[in-house]
Structures are given as structure tokens and as C-alpha cells.
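Below: one structure, written as C-alpha cells.
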Amino acid sequence: MPTGLTLWIVFFTLWLYALQRATHRAFTVERDHMPGIPFEPGPISAATLVFHLGLTTVLLVVILSSVYQDAQMLWFGLPGFLAPVIQGVVLMMEHSSQAGARTTRRISPHWITEQWPFALLGLSVGVAGAAWWALTGSQFPLLLVGFSAFFLTTFRLFFTYQNEISVSPTTFEYVRSFPRLRTFTHRRPRTKALGMRILRRRRGVYDLRIIESGQREIELTACFSSREHLDLQLEDYFVRTEQKAPL
């Protein structure tokens, strides 16, 4: 077995172990941030299965293709590449179709606050590929840089569309799924006592605290635009004052 292949098998094994530990850490941080909030388990998340199986397959094929410098091997990674792409398009279409309800505000958590180990994993593959290219001069290791970008983009997309808070005039719902294997949902009726405190951290990123009498507070870092910020404040005002929001 070539020495380069042996080293990459070791790297691949360590990468999978780090992926498992990063997932475990993300769940631990999540439980620490929201103690006592009841989440009901739902169905298995198809997006999580597609992400882990698809990208693991692609990474293995890219490593083998780079070691043996055989472009034909990349065809074996095509299903693993297409599956996350198709799943991401489906998620975006589902989200855009639901976004038509003007009375429902959707808030997506800022993924890097809890998931930074995944960012390091994605970057580590790109750095390894760039170093390999610099040492050997072969163009094949640059495929790992492309994989790194694909990993980070796909992770951010799936996290954004699979984890969100939905606030309507009558219902409050918090869905946590990706990168969990199952979907977990916290749903309760919304009352006029529900309030939101929003603190701007930087452009497009806010610290959000949701407060309601008799309920535990929920805190998270969220991504939304200034327009969405205004919509949330207006929605909160109209519900508390029992007024109808203008169309």
C-alpha cells in the first residue's frame, strides 16, 4: 500500500472521529443553553442522513482519486455529490413556499455559534489539500479544497433550513434537526405576554432572547436582515396590543 494512501486513510479515519465528536459537542452545548425546554422527538431527518453519507462518500473518493491521480474514480463520488445538492434544493423550495404566510416570522440560528467545530473540519480538509498540492505540484489535491468549500456551503444551508423558530400570532415553534439524526420540536400556544429582546452583534447577526410569562427563556444568536428585525418588532407590537397587522 502506498505511503501516501496510508497517511490519507489515517487522516480520513481521524476526520470521521472528529465529525462524531463535533456532533456530540454541538448537542451538549445545545442542552446547556436550553435546559428544561421540552422538545418532542419527531421523524428521522433525511437531510442529516444525506449530508453525512453523501459527503463522507465524496471525501473518500476524492482522497483515492488524488492518491492514484485517476480522474475516472471521481464518477464513484457523483451520487454522493448530487444527493446533498438535490436535498438542498428541496429544502430551499419548501422554505420559500412556506414563506408566503405573512403572519409567520421565521428565525434561523446563526450556525457558527454552536457549530464552529464543523467549520474547522471543513477547513482542515482544504488546508491539507493545499499543502499536498504545494509539496507535490499535482493538481489532484486541489479537489480537496473544492470539497472543503462544498462541505461548508452544504452544512450552512442544511443548518439554516433545518433549524428555526417560527412565530405566528397564535403559535410559537422551535425546530432543531440538523445535524441531529432526528427532528425535535418545541411547540406551544403564543400569548400576548411573549416578547423578544434583540441585540445587534454585527451586520446581520443578532442575539435574541424570547421571554414569555410562565415559560423558560430561549436565547440564541440568529441571522436576519434589518427588514426582518423590523417585522419581528411590529409583529410583537400588534399581538400585544390586539391590533391587526397591515397587509
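Simple scheme: letters A, B, ... for chains in C-alpha cells order, numbers from 1 for residues in each chain, numbers from 1 for ligands in the order shown.
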Which of range 104-234 of chain A fall in helix (DSSP H, G or I), as a CSV table (one decimal) with all heavy atoms, in the first residue's frame:
chain,number,residue,atom,x,y,z
A,112,ILE,N,-22.6,29.3,13.2
A,112,ILE,CA,-21.2,29.2,13.6
A,112,ILE,C,-21.1,29.3,15.2
A,112,ILE,O,-20.1,28.8,15.7
A,112,ILE,CB,-20.4,30.4,13.0
A,112,ILE,CG1,-18.9,30.0,13.0
A,112,ILE,CG2,-20.7,31.7,13.7
A,112,ILE,CD1,-18.5,28.9,12.1
A,113,THR,N,-22.1,29.8,15.8
A,113,THR,CA,-22.1,29.9,17.3
A,113,THR,C,-22.0,28.6,18.0
A,113,THR,O,-21.3,28.5,19.0
A,113,THR,CB,-23.3,30.7,17.8
A,113,THR,OG1,-24.5,30.1,17.4
A,113,THR,CG2,-23.3,32.1,17.3
A,114,GLU,N,-22.7,27.6,17.5
A,114,GLU,CA,-22.7,26.3,18.1
A,114,GLU,C,-21.9,25.2,17.3
A,114,GLU,O,-21.5,24.2,17.8
A,114,GLU,CB,-24.1,25.8,18.3
A,114,GLU,CG,-25.0,26.6,19.2
A,114,GLU,CD,-26.4,26.1,19.3
A,114,GLU,OE1,-26.7,25.1,18.6
A,114,GLU,OE2,-27.2,26.7,20.0
A,115,GLN,N,-21.7,25.5,16.0
A,115,GLN,CA,-21.2,24.5,15.1
A,115,GLN,C,-19.8,24.8,14.6
A,115,GLN,O,-19.4,24.3,13.6
A,115,GLN,CB,-22.1,24.4,13.9
A,115,GLN,CG,-23.6,24.3,14.3
A,115,GLN,CD,-23.9,23.0,15.1
A,115,GLN,OE1,-23.2,22.1,15.1
A,115,GLN,NE2,-25.0,23.1,15.9
A,116,TRP,N,-19.0,25.6,15.3
A,116,TRP,CA,-17.7,26.0,14.8
A,116,TRP,C,-16.8,24.8,14.6
A,116,TRP,O,-15.9,24.8,13.8
A,116,TRP,CB,-17.0,27.0,15.7
A,116,TRP,CG,-16.8,26.6,17.1
A,116,TRP,CD1,-17.6,26.8,18.2
A,116,TRP,CD2,-15.7,25.9,17.6
A,116,TRP,NE1,-17.1,26.3,19.3
A,116,TRP,CE2,-15.9,25.7,19.0
A,116,TRP,CE3,-14.5,25.4,17.1
A,116,TRP,CZ2,-15.0,25.0,19.8
A,116,TRP,CZ3,-13.6,24.7,17.9
A,116,TRP,CH2,-13.8,24.6,19.2
A,117,PRO,N,-16.9,23.7,15.4
A,117,PRO,CA,-16.0,22.5,15.1
A,117,PRO,C,-16.2,22.0,13.7
A,117,PRO,O,-15.3,21.5,13.1
A,117,PRO,CB,-16.5,21.5,16.2
A,117,PRO,CG,-17.0,22.3,17.3
A,117,PRO,CD,-17.7,23.4,16.6
A,118,PHE,N,-17.5,22.1,13.2
A,118,PHE,CA,-17.7,21.6,11.8
A,118,PHE,C,-17.0,22.5,10.8
A,118,PHE,O,-16.5,22.1,9.8
A,118,PHE,CB,-19.2,21.6,11.5
A,118,PHE,CG,-19.9,20.5,12.2
A,118,PHE,CD1,-20.6,20.8,13.4
A,118,PHE,CD2,-19.9,19.2,11.7
A,118,PHE,CE1,-21.2,19.8,14.1
A,118,PHE,CE2,-20.6,18.2,12.4
A,118,PHE,CZ,-21.3,18.5,13.6
A,119,ALA,N,-16.9,23.8,11.1
A,119,ALA,CA,-16.2,24.7,10.3
A,119,ALA,C,-14.7,24.4,10.2
A,119,ALA,O,-14.1,24.4,9.2
A,119,ALA,CB,-16.4,26.2,10.7
A,120,LEU,N,-14.1,24.0,11.4
A,120,LEU,CA,-12.7,23.6,11.5
A,120,LEU,C,-12.5,22.3,10.7
A,120,LEU,O,-11.5,22.2,10.0
A,120,LEU,CB,-12.3,23.4,12.9
A,120,LEU,CG,-12.3,24.7,13.8
A,120,LEU,CD1,-11.8,24.4,15.2
A,120,LEU,CD2,-11.3,25.8,13.1
A,121,LEU,N,-13.5,21.4,10.7
A,121,LEU,CA,-13.3,20.2,10.0
A,121,LEU,C,-13.3,20.4,8.5
A,121,LEU,O,-12.5,19.9,7.8
A,121,LEU,CB,-14.5,19.2,10.3
A,121,LEU,CG,-14.4,18.4,11.6
A,121,LEU,CD1,-15.7,17.7,11.9
A,121,LEU,CD2,-13.3,17.4,11.5
A,122,GLY,N,-14.2,21.3,8.0
A,122,GLY,CA,-14.2,21.6,6.6
A,122,GLY,C,-12.9,22.3,6.2
A,122,GLY,O,-12.4,22.0,5.1
A,123,LEU,N,-12.5,23.3,7.0
A,123,LEU,CA,-11.2,24.0,6.6
A,123,LEU,C,-10.0,23.1,6.7
A,123,LEU,O,-9.1,23.2,5.9
A,123,LEU,CB,-11.1,25.1,7.6
A,123,LEU,CG,-12.1,26.3,7.5
A,123,LEU,CD1,-11.9,27.3,8.6
A,123,LEU,CD2,-11.9,27.0,6.1
A,124,SER,N,-10.0,22.1,7.6
A,124,SER,CA,-8.9,21.2,7.7
A,124,SER,C,-8.6,20.4,6.4
A,124,SER,O,-7.5,20.2,6.0
A,124,SER,CB,-9.0,20.2,8.9
A,124,SER,OG,-10.1,19.3,8.6
A,125,VAL,N,-9.7,20.0,5.8
A,125,VAL,CA,-9.6,19.3,4.5
A,125,VAL,C,-9.0,20.2,3.4
A,125,VAL,O,-8.1,19.8,2.7
A,125,VAL,CB,-10.9,18.7,4.0
A,125,VAL,CG1,-10.8,18.0,2.7
A,125,VAL,CG2,-11.5,17.7,5.1
A,126,GLY,N,-9.5,21.4,3.4
A,126,GLY,CA,-8.9,22.4,2.4
A,126,GLY,C,-7.5,22.7,2.6
A,126,GLY,O,-6.7,22.7,1.7
A,127,VAL,N,-7.1,22.9,3.9
A,127,VAL,CA,-5.7,23.1,4.2
A,127,VAL,C,-4.8,22.0,3.9
A,127,VAL,O,-3.7,22.1,3.3
A,127,VAL,CB,-5.5,23.5,5.7
A,127,VAL,CG1,-4.1,23.6,6.1
A,127,VAL,CG2,-6.2,24.8,6.0
A,128,ALA,N,-5.3,20.7,4.1
A,128,ALA,CA,-4.5,19.5,3.8
A,128,ALA,C,-4.3,19.4,2.3
A,128,ALA,O,-3.2,19.1,1.8
A,128,ALA,CB,-5.2,18.3,4.4
A,129,GLY,N,-5.4,19.7,1.6
A,129,GLY,CA,-5.3,19.6,0.1
A,129,GLY,C,-4.3,20.6,-0.5
A,129,GLY,O,-3.5,20.3,-1.4
A,130,ALA,N,-4.4,21.9,0.1
A,130,ALA,CA,-3.5,22.9,-0.4
A,130,ALA,C,-2.0,22.6,-0.1
A,130,ALA,O,-1.1,22.8,-0.9
A,130,ALA,CB,-3.9,24.3,0.2
A,131,ALA,N,-1.8,22.0,1.1
A,131,ALA,CA,-0.4,21.7,1.5
A,131,ALA,C,0.1,20.5,0.6
A,131,ALA,O,1.3,20.5,0.2
A,131,ALA,CB,-0.4,21.2,3.0
A,132,TRP,N,-0.7,19.6,0.3
A,132,TRP,CA,-0.4,18.4,-0.6
A,132,TRP,C,0.0,18.9,-2.0
A,132,TRP,O,0.9,18.5,-2.6
A,132,TRP,CB,-1.5,17.5,-0.6
A,132,TRP,CG,-1.2,16.1,-1.2
A,132,TRP,CD1,0.0,15.7,-1.7
A,132,TRP,CD2,-2.1,15.1,-1.5
A,132,TRP,NE1,-0.1,14.5,-2.2
A,132,TRP,CE2,-1.4,14.0,-2.1
A,132,TRP,CE3,-3.5,14.9,-1.2
A,132,TRP,CZ2,-2.0,12.9,-2.5
A,132,TRP,CZ3,-4.1,13.7,-1.6
A,132,TRP,CH2,-3.4,12.7,-2.2
A,133,TRP,N,-0.8,19.9,-2.5
A,133,TRP,CA,-0.6,20.4,-3.8
A,133,TRP,C,0.7,21.2,-3.8
A,133,TRP,O,1.5,21.1,-4.8
A,133,TRP,CB,-1.7,21.4,-4.2
A,133,TRP,CG,-1.4,22.3,-5.3
A,133,TRP,CD1,-1.4,21.9,-6.6
A,133,TRP,CD2,-1.1,23.6,-5.3
A,133,TRP,NE1,-1.1,23.0,-7.4
A,133,TRP,CE2,-0.9,24.1,-6.6
A,133,TRP,CE3,-1.0,24.6,-4.3
A,133,TRP,CZ2,-0.6,25.4,-6.9
A,133,TRP,CZ3,-0.7,25.9,-4.6
A,133,TRP,CH2,-0.5,26.3,-5.9
A,134,ALA,N,1.0,22.0,-2.7
A,134,ALA,CA,2.3,22.7,-2.7
A,134,ALA,C,3.5,21.8,-2.6
A,134,ALA,O,4.6,22.1,-3.2
A,134,ALA,CB,2.3,23.6,-1.5
A,135,LEU,N,3.4,20.6,-2.0
A,135,LEU,CA,4.5,19.7,-1.8
A,135,LEU,C,4.7,18.9,-3.1
A,135,LEU,O,5.9,18.6,-3.4
A,135,LEU,CB,4.3,18.8,-0.6
A,135,LEU,CG,4.3,19.5,0.7
A,135,LEU,CD1,3.9,18.5,1.8
A,135,LEU,CD2,5.7,20.0,1.0
A,136,THR,N,3.7,18.5,-3.8
A,136,THR,CA,3.8,17.6,-4.9
A,136,THR,C,3.7,18.3,-6.3
A,136,THR,O,4.2,17.7,-7.3
A,136,THR,CB,2.8,16.5,-4.8
A,136,THR,OG1,1.4,17.0,-4.9
A,136,THR,CG2,2.9,15.7,-3.5
A,142,LEU,N,-6.1,19.6,-5.2
A,142,LEU,CA,-6.9,20.8,-5.2
A,142,LEU,C,-8.4,20.4,-5.1
A,142,LEU,O,-9.3,21.2,-4.8
A,142,LEU,CB,-6.7,21.7,-6.4
A,142,LEU,CG,-5.3,22.4,-6.4
A,142,LEU,CD1,-5.1,23.2,-7.7
A,142,LEU,CD2,-5.1,23.3,-5.2
A,143,LEU,N,-8.7,19.2,-5.5
A,143,LEU,CA,-10.1,18.7,-5.3
A,143,LEU,C,-10.5,18.7,-3.8
A,143,LEU,O,-11.7,18.9,-3.5
A,143,LEU,CB,-10.2,17.2,-5.8
A,143,LEU,CG,-10.0,17.0,-7.3
A,143,LEU,CD1,-9.9,15.5,-7.6
A,143,LEU,CD2,-11.2,17.6,-8.1
A,144,LEU,N,-9.6,18.6,-2.9
A,144,LEU,CA,-9.9,18.6,-1.5
A,144,LEU,C,-10.3,20.0,-1.1
A,144,LEU,O,-11.1,20.2,-0.2
A,144,LEU,CB,-8.7,18.1,-0.7
A,144,LEU,CG,-8.4,16.6,-0.8
A,144,LEU,CD1,-7.0,16.3,-0.2
A,144,LEU,CD2,-9.5,15.8,-0.2
A,145,VAL,N,-9.7,21.0,-1.8
A,145,VAL,CA,-10.0,22.4,-1.5
A,145,VAL,C,-11.5,22.7,-1.9
A,145,VAL,O,-12.3,23.3,-1.2
A,145,VAL,CB,-9.1,23.4,-2.2
A,145,VAL,CG1,-9.5,24.8,-2.0
A,145,VAL,CG2,-7.6,23.2,-1.8
A,146,GLY,N,-11.8,22.1,-3.1
A,146,GLY,CA,-13.2,22.2,-3.6
A,146,GLY,C,-14.2,21.5,-2.6
A,146,GLY,O,-15.3,22.0,-2.4
A,147,PHE,N,-13.7,20.3,-2.1
A,147,PHE,CA,-14.6,19.6,-1.2
A,147,PHE,C,-14.8,20.4,0.1
A,147,PHE,O,-15.9,20.4,0.7
A,147,PHE,CB,-14.0,18.3,-0.8
A,147,PHE,CG,-14.7,17.5,0.3
A,147,PHE,CD1,-15.8,16.7,0.0
A,147,PHE,CD2,-14.3,17.7,1.6
A,147,PHE,CE1,-16.5,16.1,1.0
A,147,PHE,CE2,-15.0,17.0,2.6
A,147,PHE,CZ,-16.1,16.2,2.3
A,148,SER,N,-13.8,21.1,0.6
A,148,SER,CA,-13.9,21.9,1.8
A,148,SER,C,-15.0,23.0,1.6
A,148,SER,O,-15.8,23.2,2.5
A,148,SER,CB,-12.5,22.6,2.1
A,148,SER,OG,-12.6,23.5,3.2
A,149,ALA,N,-14.9,23.7,0.4
A,149,ALA,CA,-15.9,24.7,0.2
A,149,ALA,C,-17.3,24.1,0.1
A,149,ALA,O,-18.3,24.7,0.6
A,149,ALA,CB,-15.6,25.4,-1.1
A,150,PHE,N,-17.4,22.9,-0.6
A,150,PHE,CA,-18.7,22.3,-0.7
A,150,PHE,C,-19.2,21.8,0.6
A,150,PHE,O,-20.4,22.0,0.9
A,150,PHE,CB,-18.6,21.1,-1.6
A,150,PHE,CG,-19.8,20.3,-1.9
A,150,PHE,CD1,-20.9,20.9,-2.5
A,150,PHE,CD2,-20.0,19.0,-1.5
A,150,PHE,CE1,-22.1,20.2,-2.8
A,150,PHE,CE2,-21.1,18.3,-1.7
A,150,PHE,CZ,-22.2,18.9,-2.3
A,151,PHE,N,-18.4,21.3,1.5
A,151,PHE,CA,-18.8,20.9,2.8
A,151,PHE,C,-19.3,22.1,3.6
A,151,PHE,O,-20.4,22.0,4.2
A,151,PHE,CB,-17.6,20.3,3.6
A,151,PHE,CG,-17.8,19.9,5.0
A,151,PHE,CD1,-18.3,18.6,5.3
A,151,PHE,CD2,-17.6,20.8,6.0
A,151,PHE,CE1,-18.5,18.2,6.6
A,151,PHE,CE2,-17.9,20.4,7.3
A,151,PHE,CZ,-18.3,19.1,7.6
A,152,LEU,N,-18.6,23.2,3.7
A,152,LEU,CA,-19.1,24.3,4.5
A,152,LEU,C,-20.3,24.9,3.9
A,152,LEU,O,-21.2,25.3,4.7
A,152,LEU,CB,-17.9,25.4,4.5
A,152,LEU,CG,-16.7,25.0,5.2
A,152,LEU,CD1,-15.6,26.0,5.0
A,152,LEU,CD2,-16.9,24.7,6.7
A,153,THR,N,-20.4,25.0,2.6
A,153,THR,CA,-21.7,25.6,2.0
A,153,THR,C,-22.9,24.7,2.3
A,153,THR,O,-23.9,25.2,2.7
A,153,THR,CB,-21.5,25.8,0.5
A,153,THR,OG1,-20.4,26.6,0.2
A,153,THR,CG2,-22.7,26.4,-0.2
A,154,THR,N,-22.7,23.4,2.1
A,154,THR,CA,-23.8,22.5,2.3
A,154,THR,C,-24.2,22.5,3.8
A,154,THR,O,-25.4,22.5,4.1
A,154,THR,CB,-23.4,21.1,1.9
A,154,THR,OG1,-23.0,21.1,0.5
A,154,THR,CG2,-24.6,20.1,2.0
A,155,PHE,N,-23.2,22.5,4.7
A,155,PHE,CA,-23.6,22.4,6.1
A,155,PHE,C,-24.3,23.7,6.5
A,155,PHE,O,-25.4,23.6,7.2
A,155,PHE,CB,-22.3,22.4,7.0
A,155,PHE,CG,-22.5,22.1,8.4
A,155,PHE,CD1,-22.5,20.8,8.9
A,155,PHE,CD2,-22.8,23.2,9.3
A,155,PHE,CE1,-22.8,20.6,10.3
A,155,PHE,CE2,-23.1,23.0,10.6
A,155,PHE,CZ,-23.1,21.7,11.1
A,156,ARG,N,-23.9,24.8,6.0
A,156,ARG,CA,-24.6,26.1,6.4
A,156,ARG,C,-26.0,26.1,5.9
A,156,ARG,O,-27.0,26.5,6.5
A,156,ARG,CB,-23.8,27.3,5.9
A,156,ARG,CG,-24.5,28.6,6.2
A,156,ARG,CD,-23.6,29.8,5.9
A,156,ARG,NE,-24.3,31.0,6.3
A,156,ARG,CZ,-23.7,32.2,6.3
A,156,ARG,NH1,-22.4,32.3,5.8
A,156,ARG,NH2,-24.3,33.3,6.7
A,157,LEU,N,-26.2,25.6,4.6
A,157,LEU,CA,-27.5,25.6,4.0
A,157,LEU,C,-28.4,24.7,4.8
A,157,LEU,O,-29.6,25.1,5.2
A,157,LEU,CB,-27.4,25.1,2.6
A,157,LEU,CG,-28.7,24.9,1.8
A,157,LEU,CD1,-29.4,26.3,1.6
A,157,LEU,CD2,-28.5,24.2,0.5
A,158,PHE,N,-28.0,23.4,5.1
A,158,PHE,CA,-28.8,22.5,5.8
A,158,PHE,C,-29.2,23.0,7.2
A,158,PHE,O,-30.3,22.9,7.7
A,158,PHE,CB,-28.1,21.1,5.9
A,158,PHE,CG,-28.2,20.3,4.6
A,158,PHE,CD1,-28.3,20.9,3.4
A,158,PHE,CD2,-28.2,18.9,4.7
A,158,PHE,CE1,-28.4,20.2,2.2
A,158,PHE,CE2,-28.3,18.2,3.5
A,158,PHE,CZ,-28.4,18.8,2.3
A,159,PHE,N,-28.2,23.5,7.9
A,159,PHE,CA,-28.4,24.0,9.2
A,159,PHE,C,-29.4,25.2,9.3
A,159,PHE,O,-30.3,25.2,10.1
A,159,PHE,CB,-27.1,24.5,9.9
A,159,PHE,CG,-27.2,24.9,11.3
A,159,PHE,CD1,-27.1,23.9,12.3
A,159,PHE,CD2,-27.5,26.2,11.7
A,159,PHE,CE1,-27.2,24.2,13.7
A,159,PHE,CE2,-27.6,26.5,13.0
A,159,PHE,CZ,-27.5,25.5,14.0
A,160,THR,N,-29.3,26.1,8.3
A,160,THR,CA,-30.2,27.2,8.2
A,160,THR,C,-31.7,26.8,8.0
A,160,THR,O,-32.6,27.3,8.7
A,160,THR,CB,-29.8,28.2,7.1
A,160,THR,OG1,-28.5,28.6,7.4
A,160,THR,CG2,-30.7,29.4,7.0
A,161,TYR,N,-31.9,25.8,7.1
A,161,TYR,CA,-33.3,25.5,6.8
A,161,TYR,C,-33.8,24.3,7.6
A,161,TYR,O,-35.0,24.1,7.5
A,161,TYR,CB,-33.3,25.1,5.3
A,161,TYR,CG,-33.2,26.2,4.4
A,161,TYR,CD1,-32.0,26.4,3.6
A,161,TYR,CD2,-34.2,27.2,4.2
A,161,TYR,CE1,-31.9,27.5,2.8
A,161,TYR,CE2,-34.0,28.3,3.4
A,161,TYR,CZ,-32.9,28.4,2.7
A,161,TYR,OH,-32.7,29.5,1.8
A,162,GLN,N,-33.0,23.7,8.4
A,162,GLN,CA,-33.5,22.6,9.3
A,162,GLN,C,-33.6,23.0,10.7
A,162,GLN,O,-34.0,22.2,11.6
A,162,GLN,CB,-32.6,21.4,9.2
A,162,GLN,CG,-32.6,20.7,7.8
A,162,GLN,CD,-33.9,19.9,7.6
A,162,GLN,OE1,-34.8,20.4,6.9
A,162,GLN,NE2,-34.0,18.8,8.2
A,226,SER,N,-32.2,43.7,8.5
A,226,SER,CA,-32.8,44.8,9.2
A,226,SER,C,-34.3,44.8,9.0
A,226,SER,O,-35.1,45.2,9.9
A,226,SER,CB,-32.2,46.1,8.8
A,226,SER,OG,-30.8,46.1,9.0
A,227,ARG,N,-34.7,44.4,7.8
A,227,ARG,CA,-36.2,44.4,7.5
A,227,ARG,C,-36.9,43.3,8.3
A,227,ARG,O,-37.9,43.5,8.9
A,227,ARG,CB,-36.4,44.0,6.0
A,227,ARG,CG,-37.8,43.9,5.6
A,227,ARG,CD,-38.6,45.1,5.8
A,227,ARG,NE,-40.0,45.0,5.5
A,227,ARG,CZ,-41.0,45.9,5.6
A,227,ARG,NH1,-40.6,47.1,6.1
A,227,ARG,NH2,-42.2,45.7,5.4
A,228,GLU,N,-36.2,42.1,8.5
A,228,GLU,CA,-36.8,41.1,9.3
A,228,GLU,C,-36.8,41.5,10.8
A,228,GLU,O,-37.8,41.2,11.5
A,228,GLU,CB,-36.0,39.8,9.2
A,228,GLU,CG,-36.2,39.1,7.8
A,228,GLU,CD,-35.2,38.0,7.6
A,228,GLU,OE1,-34.1,38.1,8.0
A,228,GLU,OE2,-35.7,36.9,7.1
A,229,HIS,N,-35.8,42.3,11.2
A,229,HIS,CA,-35.8,42.9,12.5
A,229,HIS,C,-37.0,43.7,12.8
A,229,HIS,O,-37.7,43.6,13.8
A,229,HIS,CB,-34.5,43.7,12.7
A,229,HIS,CG,-34.3,44.2,14.1
A,229,HIS,ND1,-33.2,45.0,14.4
A,229,HIS,CD2,-35.0,44.1,15.2
A,229,HIS,CE1,-33.3,45.4,15.7
A,229,HIS,NE2,-34.4,44.8,16.2
A,230,LEU,N,-37.3,44.6,11.8
A,230,LEU,CA,-38.5,45.5,11.9
A,230,LEU,C,-39.8,44.7,11.9
A,230,LEU,O,-40.7,45.0,12.7
A,230,LEU,CB,-38.5,46.5,10.8
A,230,LEU,CG,-39.6,47.5,10.7
A,230,LEU,CD1,-39.7,48.3,12.0
A,230,LEU,CD2,-39.5,48.3,9.5
A,231,ASP,N,-39.8,43.7,11.1
A,231,ASP,CA,-41.1,42.8,11.0
A,231,ASP,C,-41.3,42.1,12.4
A,231,ASP,O,-42.5,42.1,12.8
A,231,ASP,CB,-40.9,41.8,9.9
A,231,ASP,CG,-41.0,42.4,8.5
A,231,ASP,OD1,-41.6,43.5,8.4
A,231,ASP,OD2,-40.6,41.7,7.6
A,232,LEU,N,-40.3,41.6,13.0
A,232,LEU,CA,-40.4,41.0,14.3
A,232,LEU,C,-40.9,42.0,15.4
A,232,LEU,O,-41.8,41.6,16.2
A,232,LEU,CB,-39.1,40.4,14.7
A,232,LEU,CG,-38.7,39.1,14.0
A,232,LEU,CD1,-37.2,38.8,14.3
A,232,LEU,CD2,-39.6,37.9,14.3
A,233,GLN,N,-40.4,43.2,15.4
A,233,GLN,CA,-40.8,44.1,16.3
A,233,GLN,C,-42.3,44.6,16.1
A,233,GLN,O,-43.0,44.7,17.1
A,233,GLN,CB,-39.9,45.4,16.3
A,233,GLN,CG,-38.5,45.1,16.8
A,233,GLN,CD,-37.6,46.3,16.7
A,233,GLN,OE1,-37.7,47.1,15.7
A,233,GLN,NE2,-36.7,46.5,17.6
A,234,LEU,N,-42.6,44.7,14.9
A,234,LEU,CA,-44.0,45.1,14.5
A,234,LEU,C,-45.0,44.0,14.9
A,234,LEU,O,-46.1,44.3,15.4
A,234,LEU,CB,-44.1,45.5,13.1
A,234,LEU,CG,-43.5,46.8,12.6
A,234,LEU,CD1,-43.6,47.0,11.1
A,234,LEU,CD2,-44.1,48.0,13.3
For Gly77 in chain A: contacts at 10 Å, only C-alpha atoms, fewer than 5 positions along chain excluded, given as a PyMOL selection string: chain A and resi 54-62+65+82
Spatial neighbours of Ile86 in chain A, max dist 12 Å, only C-alpha atoms, sep filter under 3 positions, as a VMD selection string: chain A and resid 46 to 47 50 to 51 54 79 to 83 89 to 93 154 158
d(CA of Arg209 in chain A, CA of Leu194 in chain A) in Å: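 If I compute the distance from CA of Arg209 in chain A to CA of Leu194 in chain A, I get 10.5 Å.
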From A:Glu164, A:Val205, A:Glu94, A:Val85, residue lying nearest Phe178 in chain A [only C-alpha atoms]: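 Of A:Glu164, A:Val205, A:Glu94, A:Val85, the one nearest Phe178 in chain A, counting only C-alpha atoms, is A:Glu164.
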Top pick for closest residue to Arg180 in chain A, considering A:Asn163, A:Glu217, A:Phe11, A:Arg106 and counting only C-alpha atoms: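 Result for the nearest residue to Arg180 in chain A: A:Asn163.
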Residues of range 39-153 of chain A in strand (DSSP E or B), written as a list in words: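 Strand (DSSP E or B) members of range 39-153 of chain A, listed: Glu40, Pro41, Gly42, Pro43, Ile44, Arg105, Arg106, Ile107, Ser108 and Pro109 of chain A.
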Written selection (C-alpha atoms) as a tab-separated table (two decimals), in the first residue's frame:
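Saved file part-v3.tsv follows:
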chain	number	residue	atom	x	y	z
A	40	GLU	CA	-40.68	16.26	21.33
A	41	PRO	CA	-38.81	13.78	19.08
A	42	GLY	CA	-40.04	13.52	15.53
A	43	PRO	CA	-39.10	11.54	12.43
A	44	ILE	CA	-35.58	10.78	11.26
A	105	ARG	CA	-41.95	35.09	11.14
A	106	ARG	CA	-39.13	32.56	10.77
A	107	ILE	CA	-35.80	32.96	12.56
A	108	SER	CA	-32.79	30.82	11.68
A	109	PRO	CA	-29.99	30.38	14.26
One-decimal distance in Å that lies between CA of Arg190 in chain A and CA of Ile37 in chain A: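 Spanning CA of Ile37 in chain A to CA of Arg190 in chain A is a straight-line distance of 15.3 Å.
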Two-atom distance - CA of Pro179 in chain A, CA of Tyr17 in chain A (Å):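 Between CA of Pro179 in chain A and CA of Tyr17 in chain A the gap is 15.2 Å.
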Long-range neighbours of His186 in chain A as number ranges by chain, 9 Å cut-off, only C-alpha atoms, 2 positions minimum in chain: A: 37-40, 172-176, 184, 188
Nearest residue to Leu7 in chain A from the set A:Val67, A:Arg200, A:Ala22, A:His52 (distances using only C-alpha atoms):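 The answer is A:Val67, which sits nearest to Leu7 in chain A.
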